[in-house]
file my_file-v4.pdb (PDB, C-alpha atoms and all ligand atoms)
ATOM      1  CA  MET A   1     102.444  97.060  63.636  1.00  0.00           C
ATOM      2  CA  THR A   2     101.871  98.984  60.451  1.00  0.00           C
ATOM      3  CA  ASP A   3      98.376  97.515  60.331  1.00  0.00           C
ATOM      4  CA  LEU A   4      97.430  98.989  63.703  1.00  0.00           C
ATOM      5  CA  GLU A   5      94.564 101.458  63.279  1.00  0.00           C
ATOM      6  CA  PRO A   6      94.959 104.153  65.959  1.00  0.00           C
ATOM      7  CA  THR A   7      91.283 105.161  65.971  1.00  0.00           C
ATOM      8  CA  ASP A   8      90.304 101.549  66.776  1.00  0.00           C
ATOM      9  CA  THR A   9      92.395 101.264  69.938  1.00  0.00           C
ATOM     10  CA  VAL A  10      91.855 101.195  73.675  1.00  0.00           C
ATOM     11  CA  PHE A  11      94.862 101.243  75.987  1.00  0.00           C
ATOM     12  CA  VAL A  12      94.695  98.735  78.849  1.00  0.00           C
ATOM     13  CA  ASP A  13      96.974  99.734  81.723  1.00  0.00           C
ATOM     14  CA  VAL A  14      97.235  96.753  84.069  1.00  0.00           C
ATOM     15  CA  ASP A  15      98.037  97.456  87.723  1.00  0.00           C
ATOM     16  CA  THR A  16     100.807 100.035  87.295  1.00  0.00           C
ATOM     17  CA  GLN A  17     100.525 100.614  91.025  1.00  0.00           C
ATOM     18  CA  VAL A  18     103.132 101.676  93.582  1.00  0.00           C
ATOM     19  CA  ASP A  19     103.126  98.335  95.437  1.00  0.00           C
ATOM     20  CA  PHE A  20     104.031  96.463  92.234  1.00  0.00           C
ATOM     21  CA  VAL A  21     106.288  98.966  90.464  1.00  0.00           C
ATOM     22  CA  GLU A  22     108.397 100.674  93.118  1.00  0.00           C
ATOM     23  CA  PRO A  23     111.348  98.742  94.606  1.00  0.00           C
ATOM     24  CA  ASP A  24     110.003  99.373  98.122  1.00  0.00           C
ATOM     25  CA  GLY A  25     106.488  98.321  97.145  1.00  0.00           C
ATOM     26  CA  ALA A  26     104.743  95.543  99.047  1.00  0.00           C
ATOM     27  CA  LEU A  27     104.716  93.121  96.095  1.00  0.00           C
ATOM     28  CA  TYR A  28     107.460  94.548  93.902  1.00  0.00           C
ATOM     29  CA  VAL A  29     107.820  93.007  90.440  1.00  0.00           C
ATOM     30  CA  PRO A  30     111.591  92.794  89.772  1.00  0.00           C
ATOM     31  CA  GLY A  31     112.765  95.590  87.492  1.00  0.00           C
ATOM     32  CA  ALA A  32     109.309  97.111  87.101  1.00  0.00           C
ATOM     33  CA  GLU A  33     110.523 100.614  87.979  1.00  0.00           C
ATOM     34  CA  ARG A  34     112.610 100.539  84.810  1.00  0.00           C
ATOM     35  CA  LEU A  35     109.375 100.291  82.788  1.00  0.00           C
ATOM     36  CA  LYS A  36     108.162 103.686  83.960  1.00  0.00           C
ATOM     37  CA  PRO A  37     109.441 105.619  80.902  1.00  0.00           C
ATOM     38  CA  ALA A  38     107.586 103.176  78.619  1.00  0.00           C
ATOM     39  CA  PHE A  39     104.431 103.503  80.748  1.00  0.00           C
ATOM     40  CA  ALA A  40     104.682 107.280  80.492  1.00  0.00           C
ATOM     41  CA  ARG A  41     105.136 107.174  76.715  1.00  0.00           C
ATOM     42  CA  LEU A  42     102.140 104.915  76.180  1.00  0.00           C
ATOM     43  CA  VAL A  43      99.897 107.051  78.372  1.00  0.00           C
ATOM     44  CA  ALA A  44     101.125 110.166  76.547  1.00  0.00           C
ATOM     45  CA  ILE A  45     100.283 108.567  73.187  1.00  0.00           C
ATOM     46  CA  ALA A  46      96.784 107.696  74.391  1.00  0.00           C
ATOM     47  CA  ARG A  47      96.233 111.205  75.738  1.00  0.00           C
ATOM     48  CA  ALA A  48      97.604 112.913  72.636  1.00  0.00           C
ATOM     49  CA  HIS A  49      95.325 110.882  70.396  1.00  0.00           C
ATOM     50  CA  ALA A  50      92.288 111.057  72.693  1.00  0.00           C
ATOM     51  CA  ARG A  51      92.191 107.272  73.013  1.00  0.00           C
ATOM     52  CA  PRO A  52      90.477 105.744  76.043  1.00  0.00           C
ATOM     53  CA  VAL A  53      92.583 104.186  78.793  1.00  0.00           C
ATOM     54  CA  VAL A  54      91.075 101.374  80.842  1.00  0.00           C
ATOM     55  CA  ALA A  55      93.248 101.057  83.930  1.00  0.00           C
ATOM     56  CA  SER A  56      92.883  98.075  86.226  1.00  0.00           C
ATOM     57  CA  SER A  57      93.735  98.558  89.860  1.00  0.00           C
ATOM     58  CA  ASP A  58      94.123  96.036  92.655  1.00  0.00           C
ATOM     59  CA  ALA A  59      92.092  97.345  95.604  1.00  0.00           C
ATOM     60  CA  HIS A  60      92.186  94.776  98.380  1.00  0.00           C
ATOM     61  CA  PRO A  61      90.431  94.770 101.750  1.00  0.00           C
ATOM     62  CA  GLU A  62      92.681  94.037 104.748  1.00  0.00           C
ATOM     63  CA  ASP A  63      91.450  90.451 105.127  1.00  0.00           C
ATOM     64  CA  ASP A  64      91.583  89.563 101.433  1.00  0.00           C
ATOM     65  CA  PRO A  65      91.861  85.787 100.792  1.00  0.00           C
ATOM     66  CA  GLU A  66      94.587  86.552  98.206  1.00  0.00           C
ATOM     67  CA  PHE A  67      96.886  87.344 101.148  1.00  0.00           C
ATOM     68  CA  ALA A  68      97.097  83.615 101.931  1.00  0.00           C
ATOM     69  CA  THR A  69      99.197  83.378  98.760  1.00  0.00           C
ATOM     70  CA  PHE A  70     100.786  86.828  98.453  1.00  0.00           C
ATOM     71  CA  PRO A  71     101.934  89.356 101.028  1.00  0.00           C
ATOM     72  CA  PRO A  72      99.354  92.067 101.688  1.00  0.00           C
ATOM     73  CA  HIS A  73      99.488  94.659  98.884  1.00  0.00           C
ATOM     74  CA  CYS A  74      97.429  97.379  97.254  1.00  0.00           C
ATOM     75  CA  LEU A  75      95.201  97.860 100.277  1.00  0.00           C
ATOM     76  CA  ALA A  76      92.342 100.069  99.133  1.00  0.00           C
ATOM     77  CA  GLY A  77      93.038 103.721  99.819  1.00  0.00           C
ATOM     78  CA  THR A  78      96.700 103.336 100.831  1.00  0.00           C
ATOM     79  CA  PRO A  79      99.676 104.997  99.079  1.00  0.00           C
ATOM     80  CA  GLY A  80     100.783 101.578  97.777  1.00  0.00           C
ATOM     81  CA  GLN A  81      97.492 101.166  95.974  1.00  0.00           C
ATOM     82  CA  ARG A  82      97.913 104.370  93.969  1.00  0.00           C
ATOM     83  CA  ARG A  83      99.200 104.301  90.415  1.00  0.00           C
ATOM     84  CA  VAL A  84     102.748 105.464  89.864  1.00  0.00           C
ATOM     85  CA  ALA A  85     103.058 109.105  88.801  1.00  0.00           C
ATOM     86  CA  GLU A  86     103.694 108.059  85.181  1.00  0.00           C
ATOM     87  CA  THR A  87     100.212 106.564  84.801  1.00  0.00           C
ATOM     88  CA  GLU A  88      98.162 108.356  87.451  1.00  0.00           C
ATOM     89  CA  PRO A  89      95.441 110.274  85.616  1.00  0.00           C
ATOM     90  CA  ALA A  90      94.524 113.797  86.669  1.00  0.00           C
ATOM     91  CA  ARG A  91      90.869 112.828  86.326  1.00  0.00           C
ATOM     92  CA  ALA A  92      89.228 109.454  85.992  1.00  0.00           C
ATOM     93  CA  ARG A  93      85.983 107.601  86.295  1.00  0.00           C
ATOM     94  CA  VAL A  94      86.380 104.884  88.923  1.00  0.00           C
ATOM     95  CA  ILE A  95      84.376 101.658  89.008  1.00  0.00           C
ATOM     96  CA  ALA A  96      84.648  99.635  92.214  1.00  0.00           C
ATOM     97  CA  ALA A  97      85.437  95.920  92.171  1.00  0.00           C
ATOM     98  CA  ASP A  98      81.759  95.051  92.599  1.00  0.00           C
ATOM     99  CA  GLY A  99      80.862  97.121  89.542  1.00  0.00           C
ATOM    100  CA  THR A 100      79.608 100.170  91.469  1.00  0.00           C
ATOM    101  CA  ASP A 101      80.319 103.405  89.632  1.00  0.00           C
ATOM    102  CA  ARG A 102      82.134 105.705  92.074  1.00  0.00           C
ATOM    103  CA  GLY A 103      81.738 108.614  89.699  1.00  0.00           C
ATOM    104  CA  GLY A 104      84.271 110.972  88.223  1.00  0.00           C
ATOM    105  CA  GLU A 105      84.993 111.379  84.573  1.00  0.00           C
ATOM    106  CA  GLY A 106      87.881 111.559  82.179  1.00  0.00           C
ATOM    107  CA  GLN A 107      89.661 109.732  79.405  1.00  0.00           C
ATOM    108  CA  THR A 108      90.768 107.086  81.922  1.00  0.00           C
ATOM    109  CA  ILE A 109      88.365 104.588  83.431  1.00  0.00           C
ATOM    110  CA  VAL A 110      89.733 102.788  86.477  1.00  0.00           C
ATOM    111  CA  LEU A 111      88.439  99.280  87.048  1.00  0.00           C
ATOM    112  CA  GLU A 112      89.142  98.200  90.604  1.00  0.00           C
ATOM    113  CA  LYS A 113      89.492  94.489  91.287  1.00  0.00           C
ATOM    114  CA  VAL A 114      90.298  92.010  94.042  1.00  0.00           C
ATOM    115  CA  ALA A 115      91.510  89.163  91.789  1.00  0.00           C
ATOM    116  CA  PHE A 116      94.115  88.764  89.044  1.00  0.00           C
ATOM    117  CA  ASP A 117      91.601  89.098  86.222  1.00  0.00           C
ATOM    118  CA  LEU A 118      90.201  92.561  85.465  1.00  0.00           C
ATOM    119  CA  PHE A 119      87.158  90.818  83.985  1.00  0.00           C
ATOM    120  CA  THR A 120      86.166  89.860  87.536  1.00  0.00           C
ATOM    121  CA  ASN A 121      84.925  93.450  87.717  1.00  0.00           C
ATOM    122  CA  PRO A 122      81.335  93.031  86.476  1.00  0.00           C
ATOM    123  CA  ALA A 123      81.547  96.340  84.603  1.00  0.00           C
ATOM    124  CA  ALA A 124      84.672  95.412  82.635  1.00  0.00           C
ATOM    125  CA  GLU A 125      83.034  94.021  79.499  1.00  0.00           C
ATOM    126  CA  ALA A 126      80.627  96.926  79.132  1.00  0.00           C
ATOM    127  CA  THR A 127      83.349  99.474  79.847  1.00  0.00           C
ATOM    128  CA  LEU A 128      85.574  98.074  77.118  1.00  0.00           C
ATOM    129  CA  ALA A 129      82.669  97.710  74.709  1.00  0.00           C
ATOM    130  CA  ALA A 130      81.704 101.351  75.293  1.00  0.00           C
ATOM    131  CA  SER A 131      85.138 102.394  74.050  1.00  0.00           C
ATOM    132  CA  GLY A 132      84.080 101.148  70.628  1.00  0.00           C
ATOM    133  CA  ALA A 133      87.613  99.865  70.083  1.00  0.00           C
ATOM    134  CA  ARG A 134      88.433  96.408  68.768  1.00  0.00           C
ATOM    135  CA  THR A 135      92.183  96.593  69.341  1.00  0.00           C
ATOM    136  CA  ALA A 136      93.527  96.507  72.896  1.00  0.00           C
ATOM    137  CA  ILE A 137      97.061  97.747  73.596  1.00  0.00           C
ATOM    138  CA  VAL A 138      98.054  96.088  76.867  1.00  0.00           C
ATOM    139  CA  PHE A 139     100.871  97.006  79.247  1.00  0.00           C
ATOM    140  CA  GLY A 140     101.646  96.852  82.963  1.00  0.00           C
ATOM    141  CA  VAL A 141     102.431  94.209  85.575  1.00  0.00           C
ATOM    142  CA  ALA A 142     102.795  91.431  86.361  1.00  0.00           C
ATOM    143  CA  LEU A 143     103.113  89.611  83.059  1.00  0.00           C
ATOM    144  CA  ASP A 144     102.683  86.144  84.585  1.00  0.00           C
ATOM    145  CA  TYR A 145      99.606  87.080  86.647  1.00  0.00           C
ATOM    146  CA  CYS A 146      97.340  90.040  85.978  1.00  0.00           C
ATOM    147  CA  VAL A 147      98.666  90.972  82.527  1.00  0.00           C
ATOM    148  CA  ARG A 148      98.270  87.337  81.495  1.00  0.00           C
ATOM    149  CA  ALA A 149      94.661  87.332  82.685  1.00  0.00           C
ATOM    150  CA  ALA A 150      93.878  90.636  80.961  1.00  0.00           C
ATOM    151  CA  ALA A 151      95.433  89.623  77.630  1.00  0.00           C
ATOM    152  CA  LEU A 152      93.808  86.184  77.590  1.00  0.00           C
ATOM    153  CA  GLY A 153      90.461  87.694  78.588  1.00  0.00           C
ATOM    154  CA  LEU A 154      90.639  90.321  75.869  1.00  0.00           C
ATOM    155  CA  ALA A 155      91.660  87.799  73.210  1.00  0.00           C
ATOM    156  CA  ALA A 156      88.870  85.441  74.286  1.00  0.00           C
ATOM    157  CA  ARG A 157      86.388  88.297  73.874  1.00  0.00           C
ATOM    158  CA  GLY A 158      87.508  88.921  70.309  1.00  0.00           C
ATOM    159  CA  TYR A 159      89.778  91.913  70.797  1.00  0.00           C
ATOM    160  CA  GLU A 160      92.847  92.178  68.621  1.00  0.00           C
ATOM    161  CA  THR A 161      95.238  92.125  71.556  1.00  0.00           C
ATOM    162  CA  VAL A 162      98.692  93.674  71.402  1.00  0.00           C
ATOM    163  CA  LEU A 163     101.007  93.294  74.375  1.00  0.00           C
ATOM    164  CA  VAL A 164     103.718  95.923  74.675  1.00  0.00           C
ATOM    165  CA  ARG A 165     106.654  93.751  75.474  1.00  0.00           C
ATOM    166  CA  ASP A 166     109.009  96.412  76.818  1.00  0.00           C
ATOM    167  CA  ALA A 167     106.247  97.781  79.062  1.00  0.00           C
ATOM    168  CA  THR A 168     105.599  94.633  81.058  1.00  0.00           C
ATOM    169  CA  ALA A 169     107.597  92.381  83.390  1.00  0.00           C
ATOM    170  CA  PRO A 170     107.024  89.023  85.073  1.00  0.00           C
ATOM    171  CA  VAL A 171     107.469  88.025  88.707  1.00  0.00           C
ATOM    172  CA  THR A 172     109.753  85.205  87.529  1.00  0.00           C
ATOM    173  CA  ALA A 173     111.597  84.870  84.222  1.00  0.00           C
ATOM    174  CA  GLU A 174     110.376  81.277  83.808  1.00  0.00           C
ATOM    175  CA  GLY A 175     106.805  82.377  84.418  1.00  0.00           C
ATOM    176  CA  GLY A 176     107.190  85.149  81.885  1.00  0.00           C
ATOM    177  CA  ALA A 177     108.558  82.842  79.199  1.00  0.00           C
ATOM    178  CA  ARG A 178     105.765  80.335  79.750  1.00  0.00           C
ATOM    179  CA  VAL A 179     103.113  83.029  79.586  1.00  0.00           C
ATOM    180  CA  GLU A 180     104.536  84.532  76.402  1.00  0.00           C
ATOM    181  CA  GLU A 181     104.084  81.170  74.715  1.00  0.00           C
ATOM    182  CA  GLU A 182     100.592  80.824  76.106  1.00  0.00           C
ATOM    183  CA  LEU A 183      99.636  84.303  74.886  1.00  0.00           C
ATOM    184  CA  ARG A 184     101.049  83.706  71.410  1.00  0.00           C
ATOM    185  CA  ALA A 185      99.015  80.508  71.189  1.00  0.00           C
ATOM    186  CA  ALA A 186      95.924  82.529  72.119  1.00  0.00           C
ATOM    187  CA  GLY A 187      96.571  84.935  69.246  1.00  0.00           C
ATOM    188  CA  VAL A 188      98.026  87.806  71.268  1.00  0.00           C
ATOM    189  CA  ARG A 189     100.539  89.864  69.290  1.00  0.00           C
ATOM    190  CA  PHE A 190     103.633  91.534  70.677  1.00  0.00           C
ATOM    191  CA  ALA A 191     104.944  94.997  69.915  1.00  0.00           C
ATOM    192  CA  SER A 192     107.458  97.449  71.321  1.00  0.00           C
ATOM    193  CA  THR A 193     106.673 100.912  72.624  1.00  0.00           C
ATOM    194  CA  ASP A 194     108.577 102.274  69.613  1.00  0.00           C
ATOM    195  CA  GLU A 195     106.309 100.326  67.274  1.00  0.00           C
ATOM    196  CA  ILE A 196     103.206 101.638  69.003  1.00  0.00           C
ATOM    197  CA  ALA A 197     104.571 105.180  68.786  1.00  0.00           C
ATOM    198  CA  ALA A 198     105.331 104.698  65.082  1.00  0.00           C
ATOM    199  CA  ALA A 199     101.816 103.435  64.415  1.00  0.00           C
ATOM    200  CA  PHE A 200     100.404 106.609  65.973  1.00  0.00           C
ATOM    201  CA  ALA A 201     102.887 108.992  64.330  1.00  0.00           C
TER     202      ALA A 201
HETATM  203 ZN    ZN A 301      96.315  91.463  94.407  1.00  0.00          ZN
END
call {"tool": "encode", "arguments": {"input": "my_file-v4.pdb", "output": "structure tokens"}}
result
Amino acid sequence: MTDLEPTDTVFVDVDTQVDFVEPDGALYVPGAERLKPAFARLVAIARAHARPVVASSDAHPEDDPEFATFPPHCLAGTPGQRRVAETEPARARVIAADGTDRGGEGQTIVLEKVAFDLFTNPAAEATLAASGARTAIVFGVALDYCVRAAALGLAARGYETVLVRDATAPVTAEGGARVEEELRAAGVRFASTDEIAAAFA
């Protein structure tokens, strides 16, 4: 990662929400709570270097069609929908799933969504473009669903995409292994939190 240019980066925090990360969450990703120190380090690096953080956030209505496939989770406005303390920003601009700007400001821009892919938020492309960055540092959950969609979407849009391997986890190990291959084939690179920290040191 020695070629990573810190001033060209945007951090993409995918769904580090209570319902996915905490063991008692509604759609807990196995082992995700053990990623919290890595999440905290990455957010601290972004904050210390004044780099933008684009944070996707599932925000489902009660009757969401996704609940035919998955148990209800991340219901908009509930405690389970909040980010974990490690990634919850003190201040943020929030953009609703339909692209409506809910206001607020800060280094973090929250993109709400009702599907796996953060690019289903119509403001996603413009939000990322406004960061001016060409390198996306991606972390969060779940690797085989929403992280996959984010990384593939970023790579397809020409971003140098770096997935922080020790700051993500899959729902199933087989799914994770398959997705890692798929991401490599799409040109996504992998790094550790230590390597990201070293690149910013
Ligand atoms: Zn969902």
call {"tool": "closest_residue", "arguments": {"input": "my_file-v4.pdb", "among": "A:Ala133, A:Val171, A:Ala123, A:Ala115", "to": "Pro30 in chain A", "atoms": "all atoms listed in the file"}}
result
A:Val171
call {"tool": "residues_around", "arguments": {"input": "my_file-v4.pdb", "residues": "Pro61 in chain A", "least_positions_apart": "6", "cutoff": "9 Å", "atoms": "all atoms listed in the file", "output": "MDAnalysis selection string"}}
result
chainID A and resid 74:76 114
call {"tool": "resolve_selection", "arguments": {"input": "my_file-v4.pdb", "expression": "the PyMOL selection byres (((chain A and resi 86-96) around 8) and not hetatm)", "output": "list of chain:residue names"}}
result
A:Thr16, A:Lys36, A:Pro37, A:Phe39, A:Ala40, A:Val43, A:Arg82, A:Arg83, A:Val84, A:Ala85, A:Ala97, A:Asp98, A:Gly99, A:Thr100, A:Asp101, A:Arg102, A:Gly103, A:Gly104, A:Glu105, A:Gly106, A:Gln107, A:Thr108, A:Ile109, A:Val110, A:Leu111, A:Glu112, A:Lys113, A:Asn121, A:Ala123
call {"tool": "residues_near_ligand", "arguments": {"input": "my_file-v4.pdb", "ligand": "ligand ZN 301 (chain A)", "cutoff": "10 Å", "atoms": "all atoms listed in the file", "output": "list in words"}}
result
Asp15, Asp19, Phe20, Leu27, Ser57, Asp58, Ala59, His60, Pro61, Asp64, Pro65, Glu66, Phe67, Thr69, Phe70, Pro71, Pro72, His73, Cys74, Leu75, Gln81, Lys113, Val114, Ala115, Phe116, Asp117, Tyr145 and Cys146 of chain A
call {"tool": "atom_distance", "arguments": {"input": "my_file-v4.pdb", "atom1": "CA of Ala167 in chain A", "atom2": "CA of Gly140 in chain A"}}
result
6.1 Å
call {"tool": "closest_atom_pairs", "arguments": {"input": "my_file-v4.pdb", "of": "range 69-151 of chain A", "to": "range 182-191 of chain A", "cutoff": "12 Å", "atoms": "only C-alpha atoms", "output": "Markdown table"}}
result
| residue | atom | partner | partner_atom | distance |
| --- | --- | --- | --- | --- |
| A:Thr135 | CA | A:Val188 | CA | 10.7 |
| A:Ala136 | CA | A:Val188 | CA | 9.9 |
| A:Ile137 | CA | A:Ala191 | CA | 9.1 |
| A:Val138 | CA | A:Phe190 | CA | 9.5 |
| A:Phe139 | CA | A:Ala191 | CA | 10.4 |
| A:Leu143 | CA | A:Leu183 | CA | 10.3 |
| A:Asp144 | CA | A:Glu182 | CA | 10.2 |
| A:Val147 | CA | A:Leu183 | CA | 10.2 |
| A:Arg148 | CA | A:Leu183 | CA | 7.4 |
| A:Ala149 | CA | A:Leu183 | CA | 9.7 |
| A:Ala150 | CA | A:Leu183 | CA | 10.5 |
| A:Ala151 | CA | A:Val188 | CA | 7.1 |
